[in-house]
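Structure file coords_8.cif (mmCIF, C-alpha atoms) follows.
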data_query
loop_
_atom_site.label_atom_id
_atom_site.label_comp_id
_atom_site.auth_asym_id
_atom_site.auth_seq_id
_atom_site.Cartn_x
_atom_site.Cartn_y
_atom_site.Cartn_z
CA MET A 1 -30.70 -8.43 11.33
CA SER A 2 -27.12 -9.26 12.22
CA THR A 3 -25.62 -7.54 15.25
CA GLU A 4 -22.11 -8.76 14.50
CA THR A 5 -19.50 -6.06 14.99
CA LYS A 6 -17.23 -5.58 12.01
CA LYS A 7 -13.60 -6.29 12.81
CA LEU A 8 -12.38 -2.74 12.07
CA SER A 9 -15.33 -0.85 13.56
CA GLY A 10 -14.25 2.39 15.21
CA LYS A 11 -10.91 2.42 13.38
CA VAL A 12 -9.64 5.12 11.03
CA ALA A 13 -7.40 4.27 8.06
CA LEU A 14 -5.38 6.29 5.59
CA VAL A 15 -4.57 4.61 2.26
CA THR A 16 -2.05 6.44 0.09
CA GLY A 17 -2.64 6.12 -3.64
CA GLY A 18 -6.16 4.89 -2.99
CA SER A 19 -7.98 6.00 -6.12
CA ARG A 20 -7.20 3.10 -8.44
CA SER A 21 -6.43 -0.61 -8.69
CA ILE A 22 -4.94 -2.13 -5.52
CA GLY A 23 -5.30 1.09 -3.50
CA ALA A 24 -8.99 1.45 -4.34
CA ALA A 25 -9.63 -2.19 -3.46
CA ILE A 26 -7.85 -1.72 -0.11
CA ALA A 27 -9.85 1.41 0.72
CA LYS A 28 -13.14 -0.32 -0.08
CA ARG A 29 -12.25 -3.46 1.88
CA LEU A 30 -11.17 -1.58 5.01
CA ALA A 31 -14.40 0.43 4.83
CA ALA A 32 -16.46 -2.75 4.37
CA ASP A 33 -14.80 -4.11 7.51
CA GLY A 34 -15.91 -1.04 9.47
CA ALA A 35 -13.10 1.52 9.23
CA ALA A 36 -13.54 5.15 8.26
CA VAL A 37 -11.15 5.61 5.33
CA ALA A 38 -9.20 8.54 3.93
CA LEU A 39 -7.47 7.97 0.62
CA THR A 40 -4.97 10.09 -1.25
CA TYR A 41 -4.77 10.66 -4.97
CA SER A 42 -2.59 12.70 -7.28
CA ALA A 43 -4.03 12.90 -10.78
CA SER A 44 -7.33 11.01 -10.66
CA PRO A 45 -9.90 13.11 -8.75
CA GLY A 46 -12.82 11.48 -10.56
CA LYS A 47 -11.67 7.98 -9.66
CA ALA A 48 -10.98 9.02 -6.05
CA GLU A 49 -14.46 10.47 -5.67
CA GLU A 50 -15.91 7.33 -7.21
CA VAL A 51 -14.23 5.26 -4.51
CA VAL A 52 -15.65 7.61 -1.86
CA ARG A 53 -19.15 7.34 -3.36
CA ASP A 54 -18.94 3.54 -3.45
CA ILE A 55 -17.91 3.43 0.22
CA GLU A 56 -20.61 5.87 1.28
CA ALA A 57 -23.27 4.05 -0.75
CA ALA A 58 -22.41 0.92 1.24
CA GLY A 59 -22.89 2.82 4.50
CA GLY A 60 -19.25 3.68 5.22
CA LYS A 61 -17.32 6.89 5.78
CA ALA A 62 -14.63 8.08 3.37
CA LEU A 63 -12.63 11.13 2.39
CA ALA A 64 -10.50 11.78 -0.72
CA ILE A 65 -7.40 13.96 -0.24
CA ARG A 66 -5.33 15.35 -3.09
CA ALA A 67 -1.68 14.68 -2.25
CA ASP A 68 1.14 14.00 -4.68
CA ALA A 69 3.24 11.29 -3.05
CA SER A 70 6.41 12.94 -4.35
CA ASP A 71 5.63 16.07 -2.28
CA ALA A 72 6.65 15.50 1.36
CA ASP A 73 4.60 18.45 2.61
CA ALA A 74 1.49 17.14 0.87
CA VAL A 75 2.00 13.71 2.43
CA LYS A 76 2.32 15.25 5.90
CA ALA A 77 -0.79 17.34 5.31
CA ALA A 78 -2.76 14.26 4.26
CA VAL A 79 -2.05 12.59 7.60
CA ALA A 80 -3.08 15.73 9.47
CA GLN A 81 -6.23 16.11 7.38
CA THR A 82 -7.22 12.52 8.10
CA VAL A 83 -6.90 13.06 11.84
CA LYS A 84 -8.79 16.36 11.63
CA ALA A 85 -11.66 14.73 9.72
CA PHE A 86 -11.98 11.56 11.79
CA ASP A 87 -10.40 12.55 15.15
CA ARG A 88 -7.85 9.74 15.16
CA LEU A 89 -5.66 7.44 13.07
CA ASP A 90 -5.28 3.71 13.59
CA ILE A 91 -4.10 2.29 10.26
CA LEU A 92 -1.71 3.61 7.64
CA VAL A 93 -1.41 1.75 4.34
CA ASN A 94 1.59 2.95 2.33
CA ASN A 95 0.29 1.91 -1.06
CA ALA A 96 1.31 4.78 -3.36
CA GLY A 97 4.12 3.73 -5.65
CA ILE A 98 5.43 3.75 -9.20
CA ALA A 99 7.38 1.31 -11.34
CA VAL A 100 10.01 2.49 -13.81
CA LEU A 101 11.81 -0.27 -15.66
CA ALA A 102 14.94 0.20 -17.76
CA PRO A 103 18.42 -1.29 -18.05
CA ILE A 104 20.74 0.37 -15.55
CA GLU A 105 22.86 2.09 -18.21
CA GLU A 106 19.69 3.74 -19.61
CA PHE A 107 18.05 4.71 -16.33
CA SER A 108 17.67 8.49 -16.13
CA MET A 109 18.44 10.48 -13.00
CA GLU A 110 15.01 12.12 -13.30
CA ASP A 111 13.29 8.74 -13.16
CA PHE A 112 15.55 7.64 -10.31
CA ASP A 113 14.76 10.72 -8.23
CA ARG A 114 10.99 10.39 -8.77
CA LEU A 115 10.99 6.66 -8.01
CA VAL A 116 12.93 7.23 -4.77
CA ALA A 117 10.70 10.18 -3.83
CA ILE A 118 7.51 8.14 -4.15
CA ASN A 119 8.58 4.59 -3.29
CA ILE A 120 10.93 5.44 -0.41
CA LYS A 121 10.74 9.04 0.83
CA ALA A 122 6.92 9.18 0.86
CA VAL A 123 6.80 5.95 2.84
CA PHE A 124 9.17 7.41 5.42
CA VAL A 125 7.29 10.71 5.64
CA ALA A 126 3.83 9.14 5.95
CA SER A 127 5.05 6.62 8.53
CA GLN A 128 6.83 9.28 10.58
CA GLU A 129 3.74 11.51 10.63
CA ALA A 130 1.37 8.63 11.34
CA ALA A 131 3.52 7.47 14.26
CA ARG A 132 2.71 10.77 16.00
CA TYR A 133 -0.96 9.74 16.16
CA LEU A 134 -1.02 5.93 16.23
CA GLY A 135 -1.57 4.34 19.61
CA GLU A 136 -1.77 0.85 21.07
CA GLY A 137 -3.04 -1.49 18.37
CA GLY A 138 -1.93 0.84 15.56
CA ARG A 139 -0.94 -0.60 12.21
CA ILE A 140 1.44 0.48 9.46
CA ILE A 141 1.18 -1.70 6.36
CA MET A 142 3.51 -1.32 3.38
CA ILE A 143 2.68 -2.45 -0.12
CA GLY A 144 6.08 -3.59 -1.33
CA SER A 145 6.87 -6.07 -4.07
CA VAL A 146 8.10 -9.61 -4.48
CA ASN A 147 10.72 -8.03 -6.77
CA SER A 148 12.67 -6.98 -3.70
CA ASP A 149 13.55 -10.68 -3.42
CA LEU A 150 13.40 -11.89 -7.02
CA VAL A 151 13.91 -10.01 -10.30
CA PRO A 152 13.74 -12.53 -13.17
CA PHE A 153 13.87 -9.94 -15.94
CA VAL A 154 16.11 -7.17 -17.25
CA GLY A 155 15.44 -3.59 -16.19
CA GLY A 156 14.07 -4.08 -12.69
CA SER A 157 17.14 -3.25 -10.61
CA VAL A 158 16.18 0.26 -9.47
CA TYR A 159 12.58 -0.72 -8.77
CA ALA A 160 13.90 -3.65 -6.73
CA LEU A 161 16.22 -1.24 -4.91
CA SER A 162 13.25 0.88 -3.84
CA LYS A 163 11.16 -2.05 -2.67
CA GLY A 164 14.15 -3.59 -0.90
CA ALA A 165 14.44 -0.34 1.04
CA VAL A 166 10.80 -0.68 2.07
CA ALA A 167 11.45 -4.20 3.37
CA GLY A 168 14.44 -3.03 5.42
CA PHE A 169 12.53 -0.02 6.74
CA THR A 170 9.71 -2.33 7.81
CA ARG A 171 12.04 -4.39 9.99
CA GLY A 172 13.63 -1.38 11.66
CA LEU A 173 10.36 0.49 12.14
CA ALA A 174 8.79 -2.57 13.75
CA ARG A 175 11.52 -2.35 16.42
CA ASP A 176 11.01 1.39 16.85
CA LEU A 177 7.24 1.18 17.27
CA GLY A 178 6.78 -2.23 18.88
CA PRO A 179 7.13 -0.85 22.44
CA HIS A 180 4.13 1.39 21.67
CA GLY A 181 1.97 -1.56 20.64
CA ILE A 182 2.14 -0.65 16.94
CA THR A 183 2.85 -3.30 14.30
CA VAL A 184 4.60 -2.71 10.97
CA ASN A 185 4.40 -5.18 8.10
CA ASN A 186 5.21 -5.32 4.40
CA ILE A 187 2.98 -7.08 1.87
CA GLN A 188 4.89 -8.19 -1.23
CA PRO A 189 2.54 -8.85 -4.16
CA GLY A 190 3.55 -10.74 -7.24
CA PRO A 191 1.89 -10.05 -10.61
CA VAL A 192 -1.51 -8.46 -9.99
CA ASP A 193 -4.07 -7.53 -12.63
CA THR A 194 -3.99 -3.70 -12.64
CA GLU A 195 -4.10 -0.88 -15.17
CA MET A 196 -0.30 -0.74 -15.23
CA ASN A 197 0.17 -4.53 -15.48
CA PRO A 198 -2.98 -6.07 -16.99
CA ALA A 199 -3.49 -9.82 -16.93
CA GLU A 200 -3.77 -9.77 -20.72
CA GLY A 201 -0.91 -7.30 -21.25
CA PRO A 202 2.28 -7.76 -23.29
CA PHE A 203 4.24 -9.33 -20.40
CA ALA A 204 1.43 -11.45 -19.02
CA GLU A 205 2.12 -14.79 -20.69
CA SER A 206 5.81 -14.77 -19.83
CA LEU A 207 5.04 -13.87 -16.20
CA LYS A 208 2.37 -16.54 -15.85
CA LYS A 209 4.98 -19.17 -16.74
CA THR A 210 6.94 -18.19 -13.59
CA LEU A 211 3.97 -18.76 -11.25
CA ALA A 212 3.02 -21.87 -9.31
CA ILE A 213 -0.61 -20.74 -9.68
CA PRO A 214 -0.65 -19.75 -13.36
CA ARG A 215 -2.77 -16.62 -13.16
CA TYR A 216 -2.44 -13.02 -12.08
CA GLY A 217 -3.56 -12.03 -8.62
CA GLN A 218 -6.57 -9.80 -8.07
CA SER A 219 -6.61 -6.47 -6.21
CA ASP A 220 -9.28 -7.82 -3.86
CA GLU A 221 -6.90 -10.60 -2.79
CA ILE A 222 -4.29 -8.03 -1.77
CA ALA A 223 -6.99 -6.01 0.00
CA GLY A 224 -8.07 -9.04 2.01
CA PHE A 225 -4.50 -9.56 3.20
CA VAL A 226 -4.28 -5.89 4.23
CA SER A 227 -7.53 -6.17 6.18
CA TYR A 228 -6.22 -9.18 8.07
CA LEU A 229 -2.96 -7.43 9.02
CA ALA A 230 -4.99 -4.40 10.15
CA SER A 231 -7.14 -6.52 12.46
CA GLU A 232 -6.63 -7.57 16.07
CA GLU A 233 -6.09 -11.15 14.87
CA ALA A 234 -2.71 -10.12 13.42
CA GLY A 235 -1.50 -8.38 16.56
CA TYR A 236 1.54 -10.64 17.00
CA ILE A 237 2.82 -10.23 13.44
CA THR A 238 5.33 -7.42 12.98
CA GLY A 239 8.51 -6.69 11.04
CA ALA A 240 7.48 -9.24 8.42
CA SER A 241 7.64 -9.15 4.65
CA LEU A 242 4.85 -11.43 3.51
CA LYS A 243 4.49 -12.60 -0.08
CA ILE A 244 1.17 -12.92 -1.90
CA ASP A 245 2.55 -13.89 -5.26
CA GLY A 246 0.99 -17.09 -6.61
CA GLY A 247 4.30 -18.87 -6.03
CA PHE A 248 6.31 -16.41 -8.13
CA ALA A 249 9.22 -16.67 -5.69
CA ALA A 250 8.71 -20.33 -4.76
#
Exercise: express the given structure as structure tokens:
Amino acid sequence: MSTETKKLSGKVALVTGGSRSIGAAIAKRLAADGAAVALTYSASPGKAEEVVRDIEAAGGKALAIRADASDADAVKAAVAQTVKAFDRLDILVNNAGIAVLAPIEEFSMEDFDRLVAINIKAVFVASQEAARYLGEGGRIIMIGSVNSDLVPFVGGSVYALSKGAVAGFTRGLARDLGPHGITVNNIQPGPVDTEMNPAEGPFAESLKKTLAIPRYGQSDEIAGFVSYLASEEAGYITGASLKIDGGFAA
């Protein structure tokens, strides 16, 4: 029997938007690497509980928390509930996000407000609350987008605006929290096979032509990158926006 200690043993993580696709893969990977994991969900309680069951079946600890990312009070409460359940917080993964695509002249104010509330305000609120509990070795990891640097299609300007804000926030927050031994980094995925953007979907073939590696990424590949940034091995990386995009922006 192996006595090897898992690299995140004793750590506690909160993954926002952790019930599906990339978020679910991140939650499962962090748990597999030894962390106790809380995950938030908004409209998919069944899927969230399925993630919890999968983690527990593998011997891990997990908790699903209902929290609409557009509700600042719910986001704050999710951080507090995580700490109450597991007595600490070491890792925050700001994964919850939405994509709304439309030409700028057709973009509604309702869609703009919701996109900003989830992609920007929720990231600020969760990070601010988490910073009250994170200590030396703490990690904040954003799930941004390569579209903050490259938007080779019509209709992505407001989405790019939101993810560009995340990249800028990452740099500033790394300066704010660095003296406390906390790192802050931003993962920027390219096309990833998810429910919202399937590898066989209507945009897939055109997107594959833009990639150096002509395939969509997998959620588990993003999760592996998150796990690395959450580990002690990545302790000297902070303030970085790091692409995992199959060469989309190359």
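Restricting the calculation to only C-alpha atoms, the smallest distance between A:Glu106 and any of A:Gly190, A:Val158, A:Ile182, A:Glu50 is found for A:Val158.
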Can I get the residues of stretch 120-185 of chain A within 6 Å of stretch 225-247 of chain A, each with the closest pair of atoms and their distance in Å to one decimal, using all atoms listed in the file, sorted chain first then ascending number, as CSV?
residue,atom,partner,partner_atom,distance
A:Arg139,CA,A:Ala230,CA,5.9
A:Thr170,CA,A:Gly239,CA,5.6
A:Arg171,CA,A:Gly239,CA,4.3
A:Ala174,CA,A:Gly239,CA,4.9
A:Thr183,CA,A:Thr238,CA,5.0
A:Val184,CA,A:Thr238,CA,5.2
A:Asn185,CA,A:Ala240,CA,5.1
Fill in: Ground truth for the PyMOL selection byres ((chain A and resi 9) around 9), written as number ranges by chain
A: 5-8, 10-12, 31, 33-36
Worksheet entry | the PyMOL selection byres ((chain A and resi 213) around 9) applied to the shown file, residues as a PyMOL selection string | chain A and resi 208+210-212+214-216+245-248
Next, the residues of the selection above should be written as a PDB file, in the coordinates of the input with C-alpha atoms.
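What landed in result14.pdb:
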ATOM      1  CA  LYS A 208       2.370 -16.540 -15.850  1.00  0.00           C
ATOM      2  CA  THR A 210       6.940 -18.190 -13.590  1.00  0.00           C
ATOM      3  CA  LEU A 211       3.970 -18.760 -11.250  1.00  0.00           C
ATOM      4  CA  ALA A 212       3.020 -21.870  -9.310  1.00  0.00           C
ATOM      5  CA  PRO A 214      -0.650 -19.750 -13.360  1.00  0.00           C
ATOM      6  CA  ARG A 215      -2.770 -16.620 -13.160  1.00  0.00           C
ATOM      7  CA  TYR A 216      -2.440 -13.020 -12.080  1.00  0.00           C
ATOM      8  CA  ASP A 245       2.550 -13.890  -5.260  1.00  0.00           C
ATOM      9  CA  GLY A 246       0.990 -17.090  -6.610  1.00  0.00           C
ATOM     10  CA  GLY A 247       4.300 -18.870  -6.030  1.00  0.00           C
ATOM     11  CA  PHE A 248       6.310 -16.410  -8.130  1.00  0.00           C
TER      12      PHE A 248
END
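A straight line drawn from atom CA of A:Val116 to atom CA of A:Ser157 is 12.7 Å long.
Proximity of A:Leu14, A:Gly97, A:Ile26, A:Gly168 to A:Leu63, computed with only C-alpha atoms, is greatest for A:Leu14.
Of note, atom CA of A:Leu115 and atom CA of A:Ala67 are spaced 16.1 Å apart.
Here the PyMOL selection byres ((chain A and resi 17) around 9) matches the residues Val15, Thr16, Gly18, Ser19, Arg20, Ile22, Gly23, Ala24, Leu39, Thr40, Tyr41, Ser42, Ala67, Asp68, Ala69, Asn94, Asn95, Ala96 and Gly97 of chain A.
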Quick one: write out the picked residues with C-alpha atoms as a short mmCIF file (atom, residue, chain, number, x, y, z; two decimals), in the coordinates of the input?
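The resulting file, out_17.cif, is reproduced below:
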data_model
loop_
_atom_site.label_atom_id
_atom_site.label_comp_id
_atom_site.auth_asym_id
_atom_site.auth_seq_id
_atom_site.Cartn_x
_atom_site.Cartn_y
_atom_site.Cartn_z
CA VAL A 15 -4.57 4.61 2.26
CA THR A 16 -2.05 6.44 0.09
CA GLY A 18 -6.16 4.89 -2.99
CA SER A 19 -7.98 6.00 -6.12
CA ARG A 20 -7.20 3.10 -8.44
CA ILE A 22 -4.94 -2.13 -5.52
CA GLY A 23 -5.30 1.09 -3.50
CA ALA A 24 -8.99 1.45 -4.34
CA LEU A 39 -7.47 7.97 0.62
CA THR A 40 -4.97 10.09 -1.25
CA TYR A 41 -4.77 10.66 -4.97
CA SER A 42 -2.59 12.70 -7.28
CA ALA A 67 -1.68 14.68 -2.25
CA ASP A 68 1.14 14.00 -4.68
CA ALA A 69 3.24 11.29 -3.05
CA ASN A 94 1.59 2.95 2.33
CA ASN A 95 0.29 1.91 -1.06
CA ALA A 96 1.31 4.78 -3.36
CA GLY A 97 4.12 3.73 -5.65
#
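Of the residues listed (A:Lys163, A:Ser44, A:Tyr133, A:Ser145), A:Tyr133 shows the shortest atom-to-atom separation from A:Asp87; distances use all atoms listed in the file.
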Discussion item. Taking (0.1, 13.4, 13.8) in the coordinates of the supplied file, I want to know which residues reach to within 12 Å of it, counting all atoms listed in the file; could you give the answer as a ChimeraX atom specification?
Written reply: /A:75-84,87-90,92,125-135
Discussion item. Here is a test: counting all atoms listed in the file, which residue of A:Leu101, A:Val146, A:Val123, A:Ala204 is nearest to A:Phe169?
Written reply: A:Val123
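Each of A:Leu207, A:Val192, A:Ala74, A:Val37 was compared to A:Glu56 using only C-alpha atoms, and A:Val37 turns out to be the nearest.
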